[in-house]
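What follows is a short report on a single structure.
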Amino acid sequence: MVGTLDDIRKAFEQSDDVMLRQIALDFAHRAAIEHNRGLAQASVIAYALSKLLTKSHIVESPFWPRYRNAILSAIKDAEMGRETDVLSRIERTIWKIDESDGHFIKNVIEKARAKMAAEAYSTGISLRLAGNLFGADIHDLSDYVGKMRVHDEVLPKIGIKERVEALRRLIDESRT
Amino acid sequence: MRVALDTGPLISLSSTCLLWLLDKLPMDFYVPPAVVDESYRAPMHTKQYRFSAMRIHQYIVEGRLRREDLGKQGEALVEEFTRIANSAYVAHHRPLRIIHRGEAEAIILAKIMDNVLLVDERTIRLLLEDPEELKYLLERRTGAHIRHNRDMTERLQEIAGDVLMLRSADIVAYAYEEGILGPKNKEYIEAALYALKYAGCAISEQEIQEYVSKLGR
């Protein structure tokens, strides 16, 4: 995970939310293929930080330099092997930001988990596996997935009409 | 007729206020332990989903949804199914984990019942109905070269290939055609299908449009 945090730290130091988002997506897809919880965690961190950077009321607040330093400090500690649960530490900082900000009920980390898990699901792994890998609630994940185009990418061999007809046949058979 | 139910359709039907359909359809619904945990126990701890969890719990308490353990033989089949599914595709010389044990529980419960599974997520359905398409999907999104081990997917077919997989959208369409759902007009069923799609059911816009266009007035 150390190498991946380096990419995140550099992008965050440069306040590059676009780069952070790209890193997040790349890590999410790789995490899905490799079933790698470290990469999954890194993708959640990267995405959460990218979202924070887009909130002007946060980055322009007088408290932002303190929070920014706390996040960078957590990442640097993780890179040096001094922090084993960097996501929790960053999450605590984001909770403090969310508390003082008060705009959203669901915090940035929870949304990042669901969003990155949805990206992982879009690669082809199962919904439950994606949720489990990223620590995302299955309800949040279903909600995110429903709003993505992921289910429009593959047309199933058997459509609604055929499934309904097959169901009807089975029901008729069970009645005889 | 006994139907096994995965978590996804419970979420989709509950969030679209269509859970009541389970009482009206000519089927008995069974859920494996993993689904009880996901649809009831876990969301009871979150304010947003607690009401949905309570409604589902009510269905379980009243026997309208029946919790069913898999037994020793069932558990052994779950282990086998999970192991094989997670060896069916290889990327970077390593087997690719693509399903969770929970999906295997749902499909094996369907086998124990009457070979019908209600499942909204896409992977388990593709794995059994179109494993080659699942391979292309895995490759497309990740850019990785994926090897499809056909012996494994054929073995999965032997275990559960005869299970009819339905989505919440399919049973709602059935309910519509049987006059159970409500007003018999195309706009109503179209709206219901879109609501389920946005709630997470793996149905495409094209499928919805094709189905609705074939309905009478």
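Identifiers in the structure tokens: chain A, B, ... in order shown; residue index from 1 per chain; ligand index from 1 in order shown.
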
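Within 6 Å of chain A, chain B contributes the residues Ile98, Ile99, His100, Thr123, Leu138, Arg141, Thr142, Asp170, Tyr174, Lys197, Tyr198, Ala199, Gly200, Ala202, Ile203 and Ser204 of chain B, using only C-alpha atoms.
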
Find the residues near stretch 68-80 of chain A: any atom within 8 Å, counting only C-alpha atoms, skip ones fewer than 3 places away on the same chain, and give them as a ChimeraX atom specification. /A:2-3,5-6,9,13,64-65,83-86,89-90,93

Output the selection as a PDB file, in the first residue's frame - N, CA, C and O atoms for each residue.
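The file below, again.pdb, is the result:
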ATOM      1  N   VAL A   2       2.101   1.151   0.434  1.00  0.00           N
ATOM      2  CA  VAL A   2       2.937   2.346   0.563  1.00  0.00           C
ATOM      3  C   VAL A   2       3.076   3.075  -0.768  1.00  0.00           C
ATOM      4  O   VAL A   2       2.910   4.290  -0.854  1.00  0.00           O
ATOM      5  N   GLY A   3       3.359   2.315  -1.849  1.00  0.00           N
ATOM      6  CA  GLY A   3       3.519   2.943  -3.160  1.00  0.00           C
ATOM      7  C   GLY A   3       2.265   3.668  -3.599  1.00  0.00           C
ATOM      8  O   GLY A   3       2.324   4.756  -4.167  1.00  0.00           O
ATOM      9  N   LEU A   5      -0.031   4.990  -1.663  1.00  0.00           N
ATOM     10  CA  LEU A   5      -0.251   6.187  -0.847  1.00  0.00           C
ATOM     11  C   LEU A   5       0.613   7.347  -1.346  1.00  0.00           C
ATOM     12  O   LEU A   5       0.212   8.509  -1.237  1.00  0.00           O
ATOM     13  N   ASP A   6       1.771   7.029  -1.893  1.00  0.00           N
ATOM     14  CA  ASP A   6       2.661   8.060  -2.422  1.00  0.00           C
ATOM     15  C   ASP A   6       1.951   8.837  -3.529  1.00  0.00           C
ATOM     16  O   ASP A   6       1.978  10.077  -3.570  1.00  0.00           O
ATOM     17  N   ARG A   9      -0.757  10.959  -1.927  1.00  0.00           N
ATOM     18  CA  ARG A   9      -0.200  12.121  -1.192  1.00  0.00           C
ATOM     19  C   ARG A   9       0.204  13.227  -2.167  1.00  0.00           C
ATOM     20  O   ARG A   9      -0.127  14.399  -1.966  1.00  0.00           O
ATOM     21  N   GLU A  13      -1.393  16.882  -2.196  1.00  0.00           N
ATOM     22  CA  GLU A  13      -0.541  18.072  -1.939  1.00  0.00           C
ATOM     23  C   GLU A  13      -0.743  19.119  -3.032  1.00  0.00           C
ATOM     24  O   GLU A  13      -0.710  20.320  -2.763  1.00  0.00           O
ATOM     25  N   TRP A  64      -9.294  24.692   7.199  1.00  0.00           N
ATOM     26  CA  TRP A  64      -8.787  23.756   6.202  1.00  0.00           C
ATOM     27  C   TRP A  64      -7.279  23.461   6.349  1.00  0.00           C
ATOM     28  O   TRP A  64      -6.903  22.285   6.304  1.00  0.00           O
ATOM     29  N   PRO A  65      -6.409  24.447   6.557  1.00  0.00           N
ATOM     30  CA  PRO A  65      -4.974  24.117   6.663  1.00  0.00           C
ATOM     31  C   PRO A  65      -4.709  23.094   7.760  1.00  0.00           C
ATOM     32  O   PRO A  65      -3.893  22.177   7.580  1.00  0.00           O
ATOM     33  N   GLU A  83       1.635   4.037  10.820  1.00  0.00           N
ATOM     34  CA  GLU A  83       0.176   4.032  10.924  1.00  0.00           C
ATOM     35  C   GLU A  83      -0.361   2.832  10.179  1.00  0.00           C
ATOM     36  O   GLU A  83      -0.111   2.679   8.984  1.00  0.00           O
ATOM     37  N   THR A  84      -1.073   1.968  10.901  1.00  0.00           N
ATOM     38  CA  THR A  84      -1.570   0.748  10.248  1.00  0.00           C
ATOM     39  C   THR A  84      -3.006   0.897   9.770  1.00  0.00           C
ATOM     40  O   THR A  84      -3.469   0.095   8.970  1.00  0.00           O
ATOM     41  N   ASP A  85      -3.695   1.909  10.256  1.00  0.00           N
ATOM     42  CA  ASP A  85      -5.093   2.067   9.842  1.00  0.00           C
ATOM     43  C   ASP A  85      -5.318   3.509   9.394  1.00  0.00           C
ATOM     44  O   ASP A  85      -6.035   4.283  10.042  1.00  0.00           O
ATOM     45  N   VAL A  86      -4.673   3.832   8.276  1.00  0.00           N
ATOM     46  CA  VAL A  86      -4.694   5.223   7.805  1.00  0.00           C
ATOM     47  C   VAL A  86      -6.118   5.655   7.450  1.00  0.00           C
ATOM     48  O   VAL A  86      -6.492   6.810   7.650  1.00  0.00           O
ATOM     49  N   ARG A  89      -7.962   6.881  10.453  1.00  0.00           N
ATOM     50  CA  ARG A  89      -7.452   8.184  10.912  1.00  0.00           C
ATOM     51  C   ARG A  89      -7.941   9.303  10.004  1.00  0.00           C
ATOM     52  O   ARG A  89      -8.353  10.367  10.484  1.00  0.00           O
ATOM     53  N   ILE A  90      -7.893   9.069   8.699  1.00  0.00           N
ATOM     54  CA  ILE A  90      -8.391  10.083   7.764  1.00  0.00           C
ATOM     55  C   ILE A  90      -9.895  10.235   7.945  1.00  0.00           C
ATOM     56  O   ILE A  90     -10.428  11.346   7.910  1.00  0.00           O
ATOM     57  N   THR A  93     -10.720  12.522  10.748  1.00  0.00           N
ATOM     58  CA  THR A  93     -10.524  13.933  10.356  1.00  0.00           C
ATOM     59  C   THR A  93     -11.713  14.401   9.520  1.00  0.00           C
ATOM     60  O   THR A  93     -12.242  15.494   9.721  1.00  0.00           O
TER      61      THR A  93
END

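Using only C-alpha atoms, the protein and nucleic acid residues lying no more than 9 Å from A:Lys51, apart from those fewer than 2 places from it along its own chain, are Asp17, Arg21, Ala46, Tyr47, Ala48, Leu49, Leu53, Thr54, Lys55, Val108 and Ala112 of chain A.
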
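The spacing separating atom CA of A:Trp95 from atom CA of B:Glu38 amounts to 25.4 Å.
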
Might you pull out every residue within 10 Å of B:Leu21, with only C-alpha atoms counted and same-chain residues fewer than 2 positions away left off, and present them as a ChimeraX atom specification? /B:13,17-19,23-26,171-172,175,180-181

Keeping N, CA, C and O atoms for every residue in the selection just given, could you write it to a file as a short mmCIF file (atom, residue, chain, number, x, y, z; two decimals), in the first residue's frame?
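Once everything was written out, this is out.cif:
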data_model
loop_
_atom_site.label_atom_id
_atom_site.label_comp_id
_atom_site.auth_asym_id
_atom_site.auth_seq_id
_atom_site.Cartn_x
_atom_site.Cartn_y
_atom_site.Cartn_z
N LEU B 13 -37.54 -4.34 -3.99
CA LEU B 13 -39.00 -4.35 -3.79
C LEU B 13 -39.39 -3.49 -2.59
O LEU B 13 -40.39 -2.79 -2.62
N CYS B 17 -41.65 0.12 -2.61
CA CYS B 17 -42.97 -0.17 -2.02
C CYS B 17 -43.72 -1.28 -2.75
O CYS B 17 -44.95 -1.20 -2.93
N LEU B 18 -43.00 -2.30 -3.17
CA LEU B 18 -43.63 -3.43 -3.87
C LEU B 18 -43.45 -4.74 -3.11
O LEU B 18 -43.75 -5.81 -3.64
N LEU B 19 -43.02 -4.66 -1.88
CA LEU B 19 -42.80 -5.88 -1.10
C LEU B 19 -44.12 -6.66 -0.94
O LEU B 19 -44.11 -7.88 -0.85
N ASP B 23 -46.84 -11.38 -1.15
CA ASP B 23 -48.04 -12.01 -0.58
C ASP B 23 -49.03 -12.43 -1.67
O ASP B 23 -49.84 -13.32 -1.47
N LYS B 24 -48.96 -11.75 -2.80
CA LYS B 24 -49.98 -11.96 -3.83
C LYS B 24 -49.57 -12.97 -4.90
O LYS B 24 -50.41 -13.44 -5.68
N LEU B 25 -48.28 -13.25 -4.98
CA LEU B 25 -47.81 -14.16 -6.03
C LEU B 25 -48.00 -15.61 -5.58
O LEU B 25 -47.91 -15.91 -4.39
N PRO B 26 -48.24 -16.52 -6.52
CA PRO B 26 -48.48 -17.93 -6.18
C PRO B 26 -47.19 -18.69 -5.88
O PRO B 26 -46.86 -19.68 -6.53
N ILE B 171 -40.57 -10.62 -11.84
CA ILE B 171 -41.79 -11.00 -11.12
C ILE B 171 -42.80 -9.85 -11.09
O ILE B 171 -44.01 -10.09 -11.06
N VAL B 172 -42.30 -8.64 -11.15
CA VAL B 172 -43.23 -7.50 -11.24
C VAL B 172 -43.92 -7.52 -12.61
O VAL B 172 -45.13 -7.26 -12.72
N ALA B 175 -46.52 -10.14 -12.41
CA ALA B 175 -47.66 -9.63 -11.62
C ALA B 175 -48.51 -8.68 -12.47
O ALA B 175 -49.74 -8.70 -12.40
N ILE B 180 -52.18 -8.48 -11.17
CA ILE B 180 -51.98 -8.38 -9.72
C ILE B 180 -51.39 -7.02 -9.34
O ILE B 180 -51.67 -6.49 -8.26
N LEU B 181 -50.59 -6.46 -10.23
CA LEU B 181 -49.81 -5.27 -9.88
C LEU B 181 -50.67 -4.04 -9.68
O LEU B 181 -50.45 -3.27 -8.73
#

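If only C-alpha atoms are the atoms counted, then among B:Asp114, B:Glu190, B:Glu178, B:Gly143 the closest residue to B:Asp162 is B:Asp114.
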
Atom CA of B:Ser168 to atom CA of B:Leu126: how many Å, to one decimal? 16.2 Å

Counting only C-alpha atoms, what is within 8 Å of stretch 107-110 of chain B, bar same-chain residues fewer than 3 positions away, as JSON, numbers by chain? {"B": [3, 4, 31, 32, 68, 70, 74, 77, 78, 103, 104, 113, 114, 115, 116, 117, 160, 163]}

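DSSP annotation of stretch 3-208 of chain B from backbone atoms: strand (DSSP E or B) residues are Val3, Ala4, Leu5, Asp28, Phe29, Tyr30, Val31, Leu65, Arg66, Arg67, Tyr89, Val90, Ala91, Arg94, Pro95, Val116, Leu117, Leu118, Ile146, Arg147, His148, Leu164, Met165 and Leu166 of chain B.
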